[in-house]
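Have a look at run00.cif; it's mmCIF, C-alpha atoms:
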```cif
data_upload
#
loop_
_atom_site.group_PDB
_atom_site.id
_atom_site.type_symbol
_atom_site.label_atom_id
_atom_site.label_comp_id
_atom_site.auth_asym_id
_atom_site.auth_seq_id
_atom_site.Cartn_x
_atom_site.Cartn_y
_atom_site.Cartn_z
ATOM 1 C CA MET O 1 250.120 148.779 267.393
ATOM 2 C CA LYS O 2 246.555 149.027 268.748
ATOM 3 C CA LEU O 3 246.023 152.087 266.570
ATOM 4 C CA ILE O 4 247.132 150.211 263.459
ATOM 5 C CA MET O 5 244.858 147.260 264.275
ATOM 6 C CA LEU O 6 241.948 149.623 264.880
ATOM 7 C CA MET O 7 242.520 151.361 261.529
ATOM 8 C CA GLY O 8 242.706 147.998 259.768
ATOM 9 C CA LEU O 9 239.431 146.895 261.335
ATOM 10 C CA CYS O 10 237.730 150.107 260.263
ATOM 11 C CA GLY O 11 239.054 149.597 256.738
ATOM 12 C CA LEU O 12 237.551 146.101 256.579
ATOM 13 C CA ILE O 13 234.216 147.418 257.796
ATOM 14 C CA LEU O 14 234.243 150.156 255.144
ATOM 15 C CA LEU O 15 235.262 147.684 252.440
ATOM 16 C CA ALA O 16 232.438 145.332 253.382
ATOM 17 C CA GLY O 17 229.990 148.197 253.281
ATOM 18 C CA CYS O 18 231.214 149.362 249.884
ATOM 19 C CA THR O 19 231.077 145.800 248.533
ATOM 20 C CA GLY O 20 227.443 145.549 249.521
ATOM 21 C CA LEU O 21 226.766 148.895 247.924
ATOM 22 C CA PHE O 22 228.309 147.888 244.602
ATOM 23 C CA LYS O 23 226.458 144.588 244.721
ATOM 24 C CA THR O 24 223.098 146.254 245.119
ATOM 25 C CA GLY O 25 223.983 148.737 242.396
ATOM 26 C CA THR O 26 225.116 146.151 239.851
ATOM 27 C CA ILE O 27 223.742 146.774 236.345
ATOM 28 C CA GLN O 28 222.169 143.618 234.987
ATOM 29 C CA GLU O 29 223.139 142.669 231.436
ATOM 30 C CA VAL O 30 220.246 142.694 228.992
ATOM 31 C CA ASN O 31 220.028 139.736 226.616
ATOM 32 C CA VAL O 32 218.667 141.323 223.440
ATOM 33 C CA HIS O 33 218.974 138.161 221.356
ATOM 34 C CA THR O 34 215.603 136.759 222.384
ATOM 35 C CA GLY O 35 212.141 136.802 220.829
ATOM 36 C CA THR O 36 210.929 136.609 217.251
ATOM 37 C CA LYS O 37 210.147 140.241 216.430
ATOM 38 C CA GLY O 38 211.929 142.809 214.303
ATOM 39 C CA ILE O 39 210.229 146.046 213.191
ATOM 40 C CA THR O 40 206.579 146.278 214.222
ATOM 41 C CA ALA O 41 204.020 148.946 213.347
ATOM 42 C CA MET O 42 200.573 150.089 214.415
ATOM 43 C CA PHE O 43 198.291 152.960 213.441
ATOM 44 C CA LEU O 44 197.655 155.420 216.234
ATOM 45 C CA ASP O 45 194.176 155.746 217.646
ATOM 46 C CA GLN O 46 191.877 157.788 215.370
ATOM 47 C CA SER O 47 194.700 158.301 212.867
ATOM 48 C CA PRO O 48 193.583 157.844 210.209
ATOM 49 C CA PRO O 49 190.057 158.604 211.392
ATOM 50 C CA PRO O 50 187.450 155.924 210.748
ATOM 51 C CA VAL O 51 185.273 158.527 209.015
ATOM 52 C CA THR O 52 186.179 161.652 207.023
ATOM 53 C CA PHE O 53 184.423 163.871 204.500
ATOM 54 C CA MET O 54 184.965 164.302 200.800
ATOM 55 C CA ASP O 55 187.398 166.993 199.647
ATOM 56 C CA ALA O 56 188.782 167.269 203.182
ATOM 57 C CA PRO O 57 192.326 166.750 204.487
ATOM 58 C CA PHE O 58 193.176 164.114 207.081
ATOM 59 C CA THR O 59 196.282 162.498 208.517
ATOM 60 C CA ALA O 60 197.461 158.974 209.162
ATOM 61 C CA SER O 61 199.975 158.461 211.947
ATOM 62 C CA PHE O 62 201.617 155.208 212.921
ATOM 63 C CA GLU O 63 204.313 154.060 215.285
ATOM 64 C CA LEU O 64 207.326 152.036 214.173
ATOM 65 C CA VAL O 65 209.158 150.066 216.858
ATOM 66 C CA ASN O 66 212.345 148.013 216.536
ATOM 67 C CA GLU O 67 211.604 145.131 218.909
ATOM 68 C CA GLY O 68 214.541 143.032 217.705
ATOM 69 C CA ALA O 69 218.287 142.986 218.270
ATOM 70 C CA THR O 70 219.483 144.585 215.002
ATOM 71 C CA ASP O 71 219.863 148.286 214.233
ATOM 72 C CA VAL O 72 218.067 149.327 211.031
ATOM 73 C CA GLU O 73 219.654 152.119 209.001
ATOM 74 C CA ASP O 74 218.134 151.617 205.551
ATOM 75 C CA GLY O 75 214.505 150.771 206.202
ATOM 76 C CA VAL O 76 211.755 152.084 203.941
ATOM 77 C CA PHE O 77 207.988 152.210 204.041
ATOM 78 C CA SER O 78 205.515 152.879 201.279
ATOM 79 C CA VAL O 79 202.021 154.294 201.605
ATOM 80 C CA GLY O 80 199.339 152.601 199.547
ATOM 81 C CA ILE O 81 196.160 154.470 198.640
ATOM 82 C CA GLU O 82 193.259 154.088 196.224
ATOM 83 C CA ASP O 83 193.917 156.998 193.893
ATOM 84 C CA ASP O 84 190.259 157.295 192.898
ATOM 85 C CA PHE O 85 189.336 158.322 196.437
ATOM 86 C CA VAL O 86 192.444 159.691 198.181
ATOM 87 C CA THR O 87 195.482 161.848 197.341
ATOM 88 C CA LEU O 88 198.795 161.774 199.204
ATOM 89 C CA GLN O 89 201.030 164.749 199.947
ATOM 90 C CA GLY O 90 204.736 163.988 199.668
ATOM 91 C CA ASP O 91 206.539 160.858 198.580
ATOM 92 C CA ARG O 92 204.946 157.439 198.669
ATOM 93 C CA ILE O 93 208.290 155.833 199.537
ATOM 94 C CA ARG O 94 210.054 157.110 202.658
ATOM 95 C CA ALA O 95 213.143 156.056 204.598
ATOM 96 C CA PHE O 96 213.521 155.371 208.304
ATOM 97 C CA SER O 97 216.190 154.254 210.788
ATOM 98 C CA LEU O 98 215.659 152.616 214.176
ATOM 99 C CA TYR O 99 218.043 151.299 216.814
ATOM 100 C CA GLY O 100 217.394 147.781 218.040
ATOM 101 C CA LYS O 101 217.155 146.585 221.646
ATOM 102 C CA SER O 102 220.127 147.442 223.848
ATOM 103 C CA LEU O 103 221.011 148.282 227.444
ATOM 104 C CA ALA O 104 220.003 151.892 226.764
ATOM 105 C CA THR O 105 216.769 150.954 224.934
ATOM 106 C CA PRO O 106 215.740 147.492 226.217
ATOM 107 C CA GLU O 107 212.418 147.719 224.361
ATOM 108 C CA GLY O 108 213.900 149.087 221.133
ATOM 109 C CA GLU O 109 213.638 152.543 219.595
ATOM 110 C CA ARG O 110 210.210 153.986 218.793
ATOM 111 C CA GLN O 111 209.321 156.468 216.094
ATOM 112 C CA ILE O 112 206.100 158.208 215.042
ATOM 113 C CA GLN O 113 205.548 158.765 211.318
ATOM 114 C CA THR O 114 202.742 160.917 209.890
ATOM 115 C CA VAL O 115 201.467 161.234 206.312
ATOM 116 C CA GLN O 116 199.128 163.924 205.018
ATOM 117 C CA LEU O 117 196.195 162.854 202.844
ATOM 118 C CA ARG O 118 193.085 164.331 201.307
ATOM 119 C CA ALA O 119 189.783 162.721 200.411
ATOM 120 C CA ARG O 120 188.730 163.355 196.812
ATOM 121 C CA PRO O 121 185.232 164.570 195.853
ATOM 122 C CA LEU O 122 182.795 161.684 195.529
ATOM 123 C CA PRO O 123 181.140 160.804 192.231
ATOM 124 C CA PRO O 124 177.616 162.143 191.702
ATOM 125 C CA GLN O 125 174.882 160.157 193.435
ATOM 126 C CA THR O 126 177.448 158.556 195.748
ATOM 127 C CA GLU O 127 176.879 159.269 199.422
ATOM 128 C CA THR O 128 179.731 157.270 200.918
ATOM 129 C CA VAL O 129 182.637 154.997 200.001
ATOM 130 C CA THR O 130 185.065 152.937 202.056
ATOM 131 C CA THR O 131 188.704 153.051 201.037
ATOM 132 C CA THR O 132 191.709 151.116 202.302
ATOM 133 C CA LEU O 133 194.935 152.764 203.401
ATOM 134 C CA GLY O 134 197.969 150.473 203.298
ATOM 135 C CA LEU O 135 201.394 150.657 204.872
ATOM 136 C CA ASN O 136 204.141 148.400 203.531
ATOM 137 C CA VAL O 137 207.314 148.226 205.681
ATOM 138 C CA CYS O 138 210.589 146.810 204.296
ATOM 139 C CA TYR O 139 213.915 146.611 206.097
ATOM 140 C CA PRO O 140 217.228 144.700 206.096
ATOM 141 C CA TYR O 141 217.797 142.613 209.221
ATOM 142 C CA SER O 142 219.983 139.901 210.698
ATOM 143 C CA THR O 143 219.736 137.162 213.300
ATOM 144 C CA ARG O 144 222.674 136.098 215.451
ATOM 145 C CA ALA O 145 222.593 132.841 217.426
ATOM 146 C CA GLU O 146 225.341 131.946 219.877
ATOM 147 C CA LEU O 147 225.574 128.668 221.786
ATOM 148 C CA THR O 148 227.969 126.183 223.315
ATOM 149 C CA THR O 149 228.334 122.928 221.407
ATOM 150 C CA CYS O 150 230.228 119.689 221.934
ATOM 151 C CA VAL O 151 232.874 118.471 219.485
ATOM 152 C CA ASP O 152 233.600 114.741 219.785
ATOM 153 C CA THR O 153 236.338 113.217 217.625
ATOM 154 C CA ASP O 154 235.683 109.719 219.037
ATOM 155 C CA VAL O 155 233.660 108.663 215.984
ATOM 156 C CA PHE O 156 233.184 105.025 217.066
ATOM 157 C CA GLN O 157 232.470 105.909 220.711
ATOM 158 C CA ARG O 158 235.294 103.897 222.205
ATOM 159 C CA VAL O 159 235.877 106.262 225.131
ATOM 160 C CA LYS O 160 233.267 105.776 227.860
ATOM 161 C CA THR O 161 233.867 108.866 229.974
ATOM 162 C CA LYS O 162 233.938 112.258 228.228
ATOM 163 C CA PRO O 163 233.670 115.898 229.277
ATOM 164 C CA CYS O 164 230.677 116.415 226.952
ATOM 165 C CA THR O 165 228.272 114.631 224.597
ATOM 166 C CA ALA O 166 227.552 115.732 221.033
ATOM 167 C CA LYS O 167 223.805 115.961 220.428
ATOM 168 C CA ALA O 168 221.171 117.915 218.520
ATOM 169 C CA VAL O 169 220.106 121.237 220.034
ATOM 170 C CA SER O 170 216.768 123.027 219.575
ATOM 171 C CA LEU O 171 216.628 126.816 219.862
ATOM 172 C CA SER O 172 213.982 129.522 220.139
ATOM 173 C CA GLY O 173 214.024 133.088 218.746
ATOM 174 C CA GLN O 174 217.213 135.153 218.794
ATOM 175 C CA GLY O 175 215.869 138.689 218.457
ATOM 176 C CA GLY O 176 214.551 138.628 214.889
ATOM 177 C CA PRO O 177 211.640 137.184 212.877
ATOM 178 C CA VAL O 178 213.945 134.629 211.243
ATOM 179 C CA ALA O 179 215.423 132.178 213.755
ATOM 180 C CA VAL O 180 217.885 129.322 214.034
ATOM 181 C CA THR O 181 215.644 126.522 215.299
ATOM 182 C CA ARG O 182 217.838 123.417 215.402
ATOM 183 C CA ILE O 183 221.457 122.277 215.023
ATOM 184 C CA GLU O 184 222.386 118.646 214.390
ATOM 185 C CA PRO O 185 226.103 117.718 214.670
ATOM 186 C CA THR O 186 227.651 114.734 212.880
ATOM 187 C CA PHE O 187 231.195 113.385 213.257
ATOM 188 C CA ALA O 188 232.461 110.823 210.736
ATOM 189 C CA PRO O 189 235.741 109.316 209.443
ATOM 190 C CA HIS O 190 237.895 111.635 207.328
ATOM 191 C CA THR O 191 239.942 110.767 204.254
ATOM 192 C CA ASP O 192 242.920 111.616 206.452
ATOM 193 C CA PRO O 193 243.139 108.787 209.053
ATOM 194 C CA ASN O 194 244.357 111.268 211.656
ATOM 195 C CA LYS O 195 241.324 113.508 211.341
ATOM 196 C CA VAL O 196 237.555 113.505 211.733
ATOM 197 C CA ARG O 197 234.909 115.140 209.550
ATOM 198 C CA ALA O 198 232.771 117.571 211.560
ATOM 199 C CA GLU O 199 229.466 118.603 209.997
ATOM 200 C CA PHE O 200 226.463 120.535 211.277
ATOM 201 C CA LEU O 201 222.946 120.720 209.863
ATOM 202 C CA ILE O 202 221.561 124.165 210.697
ATOM 203 C CA TYR O 203 217.796 124.676 210.416
ATOM 204 C CA ILE O 204 216.331 128.155 209.834
ATOM 205 C CA LYS O 205 212.687 129.236 209.998
ATOM 206 C CA ASN O 206 210.675 132.409 209.434
ATOM 207 C CA LEU O 207 208.759 132.663 212.726
ATOM 208 C CA GLY O 208 207.214 136.039 211.934
ATOM 209 C CA THR O 209 204.071 136.956 210.004
ATOM 210 C CA GLY O 210 205.920 138.811 207.235
ATOM 211 C CA GLN O 211 207.913 137.691 204.216
ATOM 212 C CA VAL O 212 211.659 137.294 203.672
ATOM 213 C CA TYR O 213 213.489 138.745 200.660
ATOM 214 C CA ASP O 214 217.031 139.495 199.469
ATOM 215 C CA ALA O 215 218.578 141.861 202.037
ATOM 216 C CA ASP O 216 219.919 144.224 199.358
ATOM 217 C CA LYS O 217 216.521 144.949 197.818
ATOM 218 C CA SER O 218 214.441 146.774 200.414
ATOM 219 C CA LEU O 219 213.556 149.626 198.055
ATOM 220 C CA GLU O 220 212.390 147.233 195.341
ATOM 221 C CA ALA O 221 210.407 145.164 197.850
ATOM 222 C CA CYS O 222 208.452 148.258 198.895
ATOM 223 C CA THR O 223 207.669 149.512 195.388
ATOM 224 C CA PRO O 224 205.103 148.259 192.879
ATOM 225 C CA GLN O 225 207.780 146.685 190.659
ATOM 226 C CA ALA O 226 208.028 142.928 191.079
ATOM 227 C CA LEU O 227 211.178 141.497 192.614
ATOM 228 C CA GLY O 228 210.841 138.137 190.920
ATOM 229 C CA SER O 229 210.761 134.765 192.612
ATOM 230 C CA ALA O 230 214.571 134.569 192.838
ATOM 231 C CA SER O 231 214.644 137.428 195.360
ATOM 232 C CA TRP O 232 211.842 136.246 197.657
ATOM 233 C CA ASN O 233 212.288 133.881 200.620
ATOM 234 C CA VAL O 234 216.090 133.935 200.410
ATOM 235 C CA ALA O 235 218.763 134.659 203.017
ATOM 236 C CA ASP O 236 222.533 134.423 203.501
ATOM 237 C CA ILE O 237 224.111 132.503 206.370
ATOM 238 C CA LYS O 238 227.527 132.346 208.032
ATOM 239 C CA ALA O 239 228.508 129.816 210.707
ATOM 240 C CA TYR O 240 231.553 129.694 212.959
ATOM 241 C CA LEU O 241 232.950 127.012 215.238
ATOM 242 C CA GLY O 242 235.056 128.983 217.662
ATOM 243 C CA ASP O 243 236.947 131.449 215.449
ATOM 244 C CA GLN O 244 236.870 129.246 212.335
ATOM 245 C CA GLN O 245 234.249 129.883 209.685
ATOM 246 C CA LEU O 246 232.484 126.752 208.514
ATOM 247 C CA ASP O 247 231.988 125.958 204.832
ATOM 248 C CA CYS O 248 228.215 125.960 204.242
ATOM 249 C CA THR O 249 226.211 124.575 201.321
ATOM 250 C CA PRO O 250 224.202 125.229 199.245
ATOM 251 C CA LYS O 251 225.723 128.488 198.049
ATOM 252 C CA LYS O 252 224.297 131.401 196.117
ATOM 253 C CA GLN O 253 224.664 130.784 192.409
ATOM 254 C CA GLY O 254 227.748 132.507 191.027
ATOM 255 C CA PHE O 255 229.233 133.207 194.459
ATOM 256 C CA GLY O 256 232.183 131.467 196.117
ATOM 257 C CA GLY O 257 233.448 131.622 199.685
ATOM 258 C CA ALA O 258 232.200 129.792 202.746
ATOM 259 C CA ASP O 259 228.788 131.499 203.123
ATOM 260 C CA GLY O 260 225.642 129.434 202.710
ATOM 261 C CA TYR O 261 222.404 130.362 200.949
ATOM 262 C CA LEU O 262 218.881 129.695 202.150
ATOM 263 C CA LYS O 263 215.788 129.281 199.975
ATOM 264 C CA LEU O 264 212.870 129.109 202.383
ATOM 265 C CA VAL O 265 210.101 126.731 201.359
ATOM 266 C CA ASN O 266 207.032 126.863 203.603
ATOM 267 C CA LYS O 267 209.046 129.393 205.639
ATOM 268 C CA GLU O 268 211.976 127.092 206.447
ATOM 269 C CA ASP O 269 215.195 125.588 205.102
ATOM 270 C CA PHE O 270 218.522 124.176 206.292
ATOM 271 C CA VAL O 271 222.192 124.317 205.317
ATOM 272 C CA ARG O 272 225.010 121.844 205.782
ATOM 273 C CA CYS O 273 228.143 123.402 207.310
ATOM 274 C CA GLU O 274 231.483 121.584 207.619
ATOM 275 C CA VAL O 275 234.789 122.277 209.349
ATOM 276 C CA GLN O 276 237.206 122.858 206.482
ATOM 277 C CA GLY O 277 240.155 120.467 206.691
ATOM 278 C CA GLY O 278 238.564 118.376 209.450
ATOM 279 C CA ILE O 279 239.520 118.114 213.132
ATOM 280 C CA ALA O 280 242.485 116.187 214.533
ATOM 281 C CA LYS O 281 241.507 112.989 216.380
ATOM 282 C CA THR O 282 243.824 113.961 219.210
ATOM 283 C CA ALA O 283 241.474 116.834 220.082
ATOM 284 C CA GLY O 284 239.187 114.357 221.863
ATOM 285 C CA ALA O 285 235.850 115.669 223.148
ATOM 286 C CA TYR O 286 235.519 119.330 224.139
ATOM 287 C CA THR O 287 233.063 122.207 224.249
ATOM 288 C CA THR O 288 233.362 125.329 222.131
ATOM 289 C CA THR O 289 231.207 128.187 220.912
ATOM 290 C CA MET O 290 229.151 128.163 217.746
ATOM 291 C CA THR O 291 227.973 131.410 216.151
ATOM 292 C CA ILE O 292 225.434 131.628 213.333
ATOM 293 C CA GLU O 293 224.563 134.814 211.448
ATOM 294 C CA VAL O 294 221.584 134.998 209.088
ATOM 295 C CA THR O 295 221.157 138.098 206.892
ATOM 296 C CA TYR O 296 217.881 138.881 205.115
ATOM 297 C CA GLY O 297 215.289 141.489 204.273
ATOM 298 C CA TYR O 298 211.843 141.481 205.873
ATOM 299 C CA THR O 299 208.529 143.016 204.872
ATOM 300 C CA PHE O 300 204.978 143.193 206.191
ATOM 301 C CA THR O 301 201.818 145.157 205.436
ATOM 302 C CA LEU O 302 199.446 147.063 207.702
ATOM 303 C CA THR O 303 196.006 148.223 206.501
ATOM 304 C CA LYS O 304 193.162 150.333 207.817
ATOM 305 C CA GLN O 305 189.830 151.337 206.283
ATOM 306 C CA VAL O 306 188.502 154.894 206.117
ATOM 307 C CA GLN O 307 184.925 155.831 205.240
ATOM 308 C CA ILE O 308 184.509 158.947 203.094
ATOM 309 C CA LYS O 309 181.145 160.696 203.305
ATOM 310 C CA ARG O 310 179.505 163.337 201.160
ATOM 311 C CA VAL O 311 179.073 166.717 202.805
ATOM 312 C CA THR O 312 175.374 167.361 203.312
#
```

I need this file expressed as structure tokens, please.
Amino acid sequence: MKLIMLMGLCGLILLAGCTGLFKTGTIQEVNVHTGTKGITAMFLDQSPPPVTFMDAPFTASFELVNEGATDVEDGVFSVGIEDDFVTLQGDRIRAFSLYGKSLATPEGERQIQTVQLRARPLPPQTETVTTTLGLNVCYPYSTRAELTTCVDTDVFQRVKTKPCTAKAVSLSGQGGPVAVTRIEPTFAPHTDPNKVRAEFLIYIKNLGTGQVYDADKSLEACTPQALGSASWNVADIKAYLGDQQLDCTPKKQGFGGADGYLKLVNKEDFVRCEVQGGIAKTAGAYTTTMTIEVTYGYTFTLTKQVQIKRVT
């Protein structure tokens, strides 16, 4: 009996020690849905060089980083040059892919891109010129916001004590340049006396320095051809209350379904999303999850000047 008790005691001691070990070795979950950045870019130091000589080759290298929460598989960038002063080797439009932030890459994937250029001969009597090298980056992206919200079917507030209170919620960035900034719930009488209308105003804003465009047109956005006003500053949005998709308006012209359509004016817009069929009054007040997904394309431009000198 003493032997059994002694073995049991040793087992408890070992278990306690192992518990402490696992506790100290716990992997912390990384919340990637924060911040207001997507793809960022910067020219590397001395690339392109601030000064080069006529009829001489030089390179321009830059780093692309996915600092947001969405993987990019169909991104493109275009290289802009002044053809009178510089020639480019290879294609002007090039594709790239970058993983977003994750447990494995908490800062996002990084990638170095290099383009080969050559300075043209200068016109007679010209000793030096300054030319601008441009980089235009275009990529499809999405923003996902998840939160807990209160549903309250007591429209006339007759019940004094409730498990939650329905109120407007303000949000910050969710791992992309376009963010859900505010949600305003409204509960009103339904045409069915046994139900309540549940409606949410969802506000979206471009918090980045770039421009939003139709997510399906990254190649067009990065080429000289004009997209047209109908494809700029637009985004698609889906909203869910629990597992049920909400019916959002306005909608994209010619499209049905429950998805909403955003037309950003001064970088922001909102949609009105409603629970289809209403909510039974007997549900009372309760908390549930709300998920919002915004899909869009995003573009920005990076420039750097290079001085071309005559060889003396």

Show me, as a Markdown table, the residues of segment 135-225 of chain O having an atom within 12 Å of segment 240-250 of chain O, each with the closest atom pair and its distance in Å, using only C-alpha atoms.
```
| residue | atom | partner | partner_atom | distance |
| --- | --- | --- | --- | --- |
| O:Arg144 | CA | O:Tyr240 | CA | 11.2 |
| O:Ala145 | CA | O:Tyr240 | CA | 10.5 |
| O:Glu146 | CA | O:Tyr240 | CA | 9.6 |
| O:Leu147 | CA | O:Leu241 | CA | 10.0 |
| O:Thr148 | CA | O:Gly242 | CA | 9.5 |
| O:Thr149 | CA | O:Leu241 | CA | 8.7 |
| O:Cys150 | CA | O:Leu241 | CA | 10.3 |
| O:Val151 | CA | O:Leu241 | CA | 9.5 |
| O:Pro185 | CA | O:Leu241 | CA | 11.6 |
| O:Arg197 | CA | O:Leu246 | CA | 11.9 |
| O:Ala198 | CA | O:Leu246 | CA | 9.7 |
| O:Glu199 | CA | O:Leu246 | CA | 8.8 |
| O:Phe200 | CA | O:Cys248 | CA | 9.1 |
| O:Leu201 | CA | O:Cys248 | CA | 9.3 |
| O:Ile202 | CA | O:Cys248 | CA | 9.4 |
```

Inset, instruction - Tell me which protein, DNA and RNA residues are within 7 Å of segment 91-99 of chain O, counting all atoms listed in the file, leaving out same-chain ones fewer than 4 positions away, and put them as an NGL selection string. - result: :O and (66 or 71-79 or 108-109)

Inset, instruction - Give me, please, the distance in Å between atom CA of Gln276 of chain O and atom CA of Lys238 of chain O, quoted to one decimal. - result: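 Distance reported for this atom pair: 13.6 Å.
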
Inset, instruction - Have a look at atom CA of Val86 of chain O and atom CA of Pro49 of chain O and let me know their distance in Å, one decimal. - result: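 A separation of 13.5 Å between them.
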
Legend entry - Matched chain/residue IDs from the PyMOL selection byres ((chain O and resi 132) around 8), as a PyMOL selection string: chain O and resi 81-82+130-131+133-134+303-306

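With distances taken over all atoms listed in the file, O:Val155 is the one residue among O:Val155, O:Ile279, O:Val265, O:Leu171 lying closest to Ala188 of chain O.
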
Legend entry - Separation of atom CA of Ser229 of chain O from atom CA of Gly100 of chain O, in Å and rounded to one decimal: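 We find that atom CA of Ser229 of chain O and atom CA of Gly100 of chain O lie 29.3 Å from each other.
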
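In this comparison, which uses all atoms listed in the file, the residue of O:Val32, O:Ala60, O:Val234, O:Val129 approaching Asp45 of chain O most closely is O:Ala60.
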
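Evaluated against this file, the PyMOL selection byres ((chain O and resi 57) around 12) yields Pro48, Pro49, Val51, Thr52, Phe53, Met54, Asp55, Ala56, Phe58, Thr59, Ala60, Val86, Thr87, Leu88, Gln89, Val115, Gln116, Leu117, Arg118, Ala119, Arg120, Pro121 and Ile308 of chain O.
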
Inset, instruction - May I have the protein, DNA and RNA residues with any atom at most 8 Å from the point (218.7, 125.4, 207.5), counting only C-alpha atoms, written as a PyMOL selection string? - result: chain O and resi 180+201-205+262+268-272

Excluding Lys281 of chain O and residues on its chain fewer than 3 positions from it, collect all residues at most 8 Å away from it, counting only C-alpha atoms, and give them as a PDB file with C-alpha atoms, keeping the file's coordinate frame.
```pdb
ATOM      1  CA  THR O 153     236.338 113.217 217.625  1.00  0.00           C
ATOM      2  CA  ASP O 154     235.683 109.719 219.037  1.00  0.00           C
ATOM      3  CA  ASN O 194     244.357 111.268 211.656  1.00  0.00           C
ATOM      4  CA  LYS O 195     241.324 113.508 211.341  1.00  0.00           C
ATOM      5  CA  VAL O 196     237.555 113.505 211.733  1.00  0.00           C
ATOM      6  CA  GLY O 284     239.187 114.357 221.863  1.00  0.00           C
TER       7      GLY O 284
END
```

Inset, instruction - Excluding segment 33-43 of chain O and any residue of its chain fewer than 4 positions from it, enumerate the residues within 6 Å of it, using only C-alpha atoms, and give them as a list in words. - result: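 Residues near the query, excluding close chain neighbours: Ser61, Phe62, Glu63, Leu64, Val65, Asn66, Glu67, Gly68, Ala69, Gly173, Gln174, Gly175, Gly176 and Pro177 of chain O.
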
Selected residues written out, C-alpha atoms, as a tab-separated table (two decimals), in the coordinates of the input:
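See selection.tsv below for the written result:
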```
chain	number	residue	atom	x	y	z
O	61	SER	CA	199.98	158.46	211.95
O	62	PHE	CA	201.62	155.21	212.92
O	63	GLU	CA	204.31	154.06	215.28
O	64	LEU	CA	207.33	152.04	214.17
O	65	VAL	CA	209.16	150.07	216.86
O	66	ASN	CA	212.34	148.01	216.54
O	67	GLU	CA	211.60	145.13	218.91
O	68	GLY	CA	214.54	143.03	217.70
O	69	ALA	CA	218.29	142.99	218.27
O	173	GLY	CA	214.02	133.09	218.75
O	174	GLN	CA	217.21	135.15	218.79
O	175	GLY	CA	215.87	138.69	218.46
O	176	GLY	CA	214.55	138.63	214.89
O	177	PRO	CA	211.64	137.18	212.88
```

Inset, instruction - Check what the PyMOL selection byres ((chain O and resi 142) around 6) selects in the file above and give those residues as a list in words. - result: Tyr141, Thr143, Val294 and Thr295 of chain O

Just to be explicit: take each residue in the selection above, keep C-alpha atoms, and write the result as a PDB file, in the coordinates of the input.
```pdb
ATOM      1  CA  TYR O 141     217.797 142.613 209.221  1.00  0.00           C
ATOM      2  CA  THR O 143     219.736 137.162 213.300  1.00  0.00           C
ATOM      3  CA  VAL O 294     221.584 134.998 209.088  1.00  0.00           C
ATOM      4  CA  THR O 295     221.157 138.098 206.892  1.00  0.00           C
TER       5      THR O 295
END
```
